[in-house]
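Participant: My questions all concern the structure below.
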Amino acid sequence: MSERLDCIVLGGGISGLTAAFLLREKGFSVALLEASDRPGGSILTWKHEGFLFELGPNTVLNNAFEIDSLCEKAGILSRRLTAAPAAKVRYIVKGGRLVKLPGGPLGFAATPLFSLRAKLRLFRELFVPPAPPEAEETIAAFVRRRLGEEFLAYAVGPFVSGVYAGDPEKLSVRHAVPKIHALEKEHGSLIRGAVAKRKGPAPAGGLFSFPEGLEELPRKLAGLLGGSFRPATAASAAHRDGDGFRVEATGPSGARLSFGARAVVCALPASAAARVLSPLGGEFPAGIASLPYADVAAVCLGYRREQMGHSLAGFGFLCPEAESRHVLGCLFPSSLFPGRAPAGHVALTAFVGGAVHPERAAEPETAVLEKTVAALRDLLAVRGEPVVSRVERWCPAIPQYNVGHGRHKAAADALERGTPGLFVSGNLLHGVSLGNCVQNATAVAARAEAHLSA
Ligand SMILES: Cc1cc2nc3c(=O)[nH]c(=O)nc-3n(C[C@H](O)[C@H](O)[C@H](O)COP(=O)(O)OP(=O)(O)OC[C@H]3O[C@@H](n4cnc5c(N)ncnc54)[C@H](O)[C@@H]3O)c2cc1C
């Protein structure tokens, strides 16, 4: 069977869904090929015995105008649940207890998170010269140079593990946290840059989800795509075909399918992208196969509220590597959104593993569960066993933009230039957050539209 379309989108995570939806909205014929039987990729909501857990991402940070625009176009804007004000309170583990991350200058002066010496060191940041433009530093080297060791250990390191489950000694400041890198480049100082940025226009901000969990968004997009969303259809190879493309795939029940199109948007994880794009040649497919990923296990736990020795008033906590606590951190979903736990109960989601300790995510499920429960027992003064639990393993989970990541971006640009009509999207190159994925897929859809309209 062969179909002729304007565009084939590969991968039905948030990136592929966004690109396919926006192209369909412009009137192009689209097929979105998704290997699994459901839309959403890493976005996966689990409802069980009155609890609602996210097994993948928990919240969307509304940090890009494209997110509002997508939700509005999909008719889902009014369904959004903004996180409770408590979400602004975040904890860092220090000395085995949860310490609030300071929210302002007074809190910063008083916080026990940093020593007086580290606090005074912060003012020197204004005078630390920027790195030479060609230098590519790790996040750890950058933070040590500008802010000092304590900020690396008890602020930036945990933040990096919260976003990338990554290793700050390997992640590239230029590619993994480009906005922070740009502050130094454009303003010569993070503090001066942060003050300047506060004056510019900004998206609404804040964290959100939906009453039925984050999966509402991909389900809604797939529903609007109708027959253009092809679940259980795994792309195997993309070939040049005249001035367009032919994509081979295996459909439901193993049927061999072939699609022709004038454009292809690839929103696949690295290993699949490498395989499917390899017939097109170039450095990108070969190189992206070696993109490192962090492995993560999400551990969802439900307790009766009276089992908790901590108020759980906040977003959750992050655990610095120096604290050796087995977990990367833990979210308090029932403190953020209604409907996450039955009356009298609380929901917790802890994360284990990451780039520094992948072996922790790879342990047998019972070991992951037991060690996580033990860590939380200590940190949150929990009494007794959880009433509900589930371990969801993501191996691989999150791409790591380590030093040298620029070569993948350059190879993708070269492939796109040499293969008009091919566009690379997904979380491989330009940010891993859902906001980054939506932003990138929106830009890719606009480029594909321009190609198809030329
Ligand atoms: C545990 C975890 C927690 C996270 N927490 C957050 C968070 O709180 N907030 C946040 O903003 N981000 C978070 N992230 C990151 C974010 O969820 C991801 O970066 C984002 O969802 C990636 O979307 P994507 O569409 O690019 O890729 P994916 O979601 O990986 O989608 C790729 C799709 O391609 C499909 N596919 C694979 N091979 C083929 C093939 N051959 N043919 C067709 N389809 C194929 C897969 O089945 C999948 O559906 C988290 C990620 C994980 C894993």
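Just remember, in the structure tokens the first chain shown is A, the second B, etc., residues are 1-based per chain, and ligands are 1-based in the order shown.
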Write down as JSON, numbers by chain the residues of region 158-400 of chain A whose backbone DSSP state falls under helix (DSSP H, G or I).
Facilitator: {"A": [158, 159, 160, 161, 162, 163, 164, 173, 174, 175, 176, 178, 179, 180, 181, 182, 183, 184, 185, 186, 187, 190, 191, 192, 193, 194, 195, 196, 197, 216, 217, 218, 219, 220, 221, 222, 223, 224, 225, 226, 227, 228, 252, 253, 254, 270, 271, 272, 273, 274, 275, 276, 277, 278, 279, 280, 283, 284, 285, 286, 287, 288, 305, 306, 307, 321, 322, 323, 333, 334, 335, 336, 358, 359, 360, 361, 362, 365, 366, 367, 368, 369, 370, 371, 372, 373, 374, 375, 376, 377, 378, 379]}
Participant: Name the residues, by chain letter and number, that sit within 8 Å of ligand 1 using only C-alpha atoms and all ligand atoms, and give them as a ChimeraX atom specification.
Facilitator: /A:10-17,33-36,38-43,55-61,163-164,233-236,249,267-269,271-273,276,296-298,351,393-394,396-399,425-428,431-437
Participant: Please identify all polymer residues within 12 Å of Gln400 (chain A), counting only C-alpha atoms, omitting same-chain residues fewer than 4 positions from it, and present them as a PyMOL selection string.
Facilitator: chain A and resi 138+160-161+163-173+175-177+270+288+290-295+354-356+396+404-406+408+427-432
Participant: Grab the residues selected above and save them as an mmCIF file, in the first residue's frame with N, CA and C atoms.
Facilitator:
```cif
data_model
loop_
_atom_site.group_PDB
_atom_site.id
_atom_site.type_symbol
_atom_site.label_atom_id
_atom_site.label_comp_id
_atom_site.auth_asym_id
_atom_site.auth_seq_id
_atom_site.Cartn_x
_atom_site.Cartn_y
_atom_site.Cartn_z
ATOM 1 N N THR A 138 31.731 22.887 30.726
ATOM 2 C CA THR A 138 30.662 22.116 31.362
ATOM 3 C C THR A 138 29.894 23.069 32.276
ATOM 4 N N VAL A 160 19.990 20.929 37.680
ATOM 5 C CA VAL A 160 20.359 20.183 36.466
ATOM 6 C C VAL A 160 19.828 18.755 36.543
ATOM 7 N N SER A 161 19.872 18.181 37.742
ATOM 8 C CA SER A 161 19.340 16.815 37.835
ATOM 9 C C SER A 161 17.823 16.840 37.759
ATOM 10 N N VAL A 163 16.070 18.776 35.733
ATOM 11 C CA VAL A 163 15.651 18.952 34.330
ATOM 12 C C VAL A 163 16.181 17.819 33.449
ATOM 13 N N TYR A 164 17.479 17.534 33.566
ATOM 14 C CA TYR A 164 18.121 16.571 32.658
ATOM 15 C C TYR A 164 18.398 15.219 33.307
ATOM 16 N N ALA A 165 18.208 15.111 34.632
ATOM 17 C CA ALA A 165 18.736 13.954 35.365
ATOM 18 C C ALA A 165 20.200 13.782 34.945
ATOM 19 N N GLY A 166 20.875 14.929 34.769
ATOM 20 C CA GLY A 166 22.178 14.918 34.115
ATOM 21 C C GLY A 166 23.346 15.133 35.057
ATOM 22 N N ASP A 167 24.529 15.050 34.465
ATOM 23 C CA ASP A 167 25.769 15.222 35.216
ATOM 24 C C ASP A 167 26.348 16.590 34.864
ATOM 25 N N PRO A 168 26.374 17.534 35.827
ATOM 26 C CA PRO A 168 26.883 18.876 35.509
ATOM 27 C C PRO A 168 28.353 18.875 35.091
ATOM 28 N N GLU A 169 29.080 17.796 35.439
ATOM 29 C CA GLU A 169 30.489 17.711 35.025
ATOM 30 C C GLU A 169 30.605 17.342 33.538
ATOM 31 N N LYS A 170 29.488 16.987 32.910
ATOM 32 C CA LYS A 170 29.515 16.612 31.487
ATOM 33 C C LYS A 170 28.632 17.513 30.617
ATOM 34 N N LEU A 171 27.515 17.972 31.173
ATOM 35 C CA LEU A 171 26.589 18.770 30.361
ATOM 36 C C LEU A 171 27.247 20.078 29.924
ATOM 37 N N SER A 172 26.944 20.499 28.704
ATOM 38 C CA SER A 172 27.523 21.731 28.164
ATOM 39 C C SER A 172 26.653 22.920 28.566
ATOM 40 N N VAL A 173 27.274 23.945 29.136
ATOM 41 C CA VAL A 173 26.491 25.119 29.535
ATOM 42 C C VAL A 173 25.898 25.790 28.302
ATOM 43 N N HIS A 175 24.882 24.406 25.455
ATOM 44 C CA HIS A 175 23.791 23.681 24.801
ATOM 45 C C HIS A 175 22.688 23.247 25.765
ATOM 46 N N ALA A 176 23.048 22.937 27.017
ATOM 47 C CA ALA A 176 22.032 22.420 27.952
ATOM 48 C C ALA A 176 21.251 23.550 28.626
ATOM 49 N N VAL A 177 21.933 24.671 28.900
ATOM 50 C CA VAL A 177 21.229 25.808 29.523
ATOM 51 C C VAL A 177 21.576 27.081 28.741
ATOM 52 N N ALA A 270 16.693 9.254 19.610
ATOM 53 C CA ALA A 270 17.945 9.214 18.840
ATOM 54 C C ALA A 270 18.166 7.895 18.099
ATOM 55 N N ILE A 288 24.096 10.755 15.683
ATOM 56 C CA ILE A 288 23.050 10.876 16.702
ATOM 57 C C ILE A 288 22.823 9.528 17.411
ATOM 58 N N SER A 290 24.930 7.921 18.820
ATOM 59 C CA SER A 290 25.743 7.873 20.039
ATOM 60 C C SER A 290 25.356 8.972 21.040
ATOM 61 N N LEU A 291 24.234 9.663 20.798
ATOM 62 C CA LEU A 291 23.798 10.694 21.757
ATOM 63 C C LEU A 291 23.549 10.026 23.114
ATOM 64 N N PRO A 292 24.242 10.488 24.175
ATOM 65 C CA PRO A 292 24.000 9.833 25.466
ATOM 66 C C PRO A 292 22.628 10.194 26.040
ATOM 67 N N TYR A 293 22.063 9.281 26.766
ATOM 68 C CA TYR A 293 20.783 9.496 27.466
ATOM 69 C C TYR A 293 20.985 9.175 28.942
ATOM 70 N N ALA A 294 20.210 9.831 29.799
ATOM 71 C CA ALA A 294 20.158 9.435 31.210
ATOM 72 C C ALA A 294 19.015 8.438 31.380
ATOM 73 N N ASP A 295 19.240 7.410 32.175
ATOM 74 C CA ASP A 295 18.179 6.460 32.513
ATOM 75 C C ASP A 295 17.541 6.904 33.832
ATOM 76 N N GLY A 354 19.464 8.596 36.767
ATOM 77 C CA GLY A 354 20.106 9.768 36.161
ATOM 78 C C GLY A 354 21.475 9.426 35.614
ATOM 79 N N ALA A 355 22.104 10.436 34.999
ATOM 80 C CA ALA A 355 23.383 10.204 34.312
ATOM 81 C C ALA A 355 24.485 9.797 35.287
ATOM 82 N N VAL A 356 24.410 10.241 36.536
ATOM 83 C CA VAL A 356 25.481 9.920 37.489
ATOM 84 C C VAL A 356 25.300 8.516 38.071
ATOM 85 N N PRO A 396 16.104 4.377 27.557
ATOM 86 C CA PRO A 396 16.648 5.686 27.932
ATOM 87 C C PRO A 396 15.534 6.697 28.220
ATOM 88 N N GLY A 404 30.355 19.143 23.379
ATOM 89 C CA GLY A 404 30.499 18.546 22.040
ATOM 90 C C GLY A 404 29.158 18.353 21.356
ATOM 91 N N HIS A 405 28.061 18.671 22.084
ATOM 92 C CA HIS A 405 26.715 18.462 21.517
ATOM 93 C C HIS A 405 26.511 19.254 20.224
ATOM 94 N N GLY A 406 27.256 20.351 20.086
ATOM 95 C CA GLY A 406 27.106 21.205 18.903
ATOM 96 C C GLY A 406 27.312 20.447 17.600
ATOM 97 N N HIS A 408 26.152 17.579 16.797
ATOM 98 C CA HIS A 408 24.870 16.995 16.353
ATOM 99 C C HIS A 408 23.990 18.078 15.716
ATOM 100 N N ASN A 427 13.283 16.146 20.950
ATOM 101 C CA ASN A 427 14.056 16.698 22.075
ATOM 102 C C ASN A 427 15.556 16.413 21.962
ATOM 103 N N LEU A 428 16.022 16.083 20.755
ATOM 104 C CA LEU A 428 17.421 15.676 20.601
ATOM 105 C C LEU A 428 18.399 16.840 20.599
ATOM 106 N N LEU A 429 17.945 18.027 20.192
ATOM 107 C CA LEU A 429 18.915 19.089 19.890
ATOM 108 C C LEU A 429 18.702 20.391 20.652
ATOM 109 N N HIS A 430 17.447 20.835 20.775
ATOM 110 C CA HIS A 430 17.212 22.228 21.203
ATOM 111 C C HIS A 430 16.399 22.337 22.484
ATOM 112 N N GLY A 431 16.545 21.396 23.390
ATOM 113 C CA GLY A 431 15.846 21.509 24.670
ATOM 114 C C GLY A 431 14.965 20.297 24.929
ATOM 115 N N VAL A 432 14.921 19.870 26.192
ATOM 116 C CA VAL A 432 14.200 18.639 26.524
ATOM 117 C C VAL A 432 12.857 18.907 27.204
#
```
Participant: In terms of the shortest atom-to-atom distance over only C-alpha atoms, which of A:Ala83, A:Ala20, A:Val247, A:Ala131 is closest to Pro279 (chain A)?
Facilitator: A:Val247
Participant: Skip Arg192 (chain A) itself and residues of its chain fewer than 3 positions away, then list as a PyMOL selection string all residues within 12 Å of it, counting only C-alpha atoms.
Facilitator: chain A and resi 123-128+180+182-189+195-199
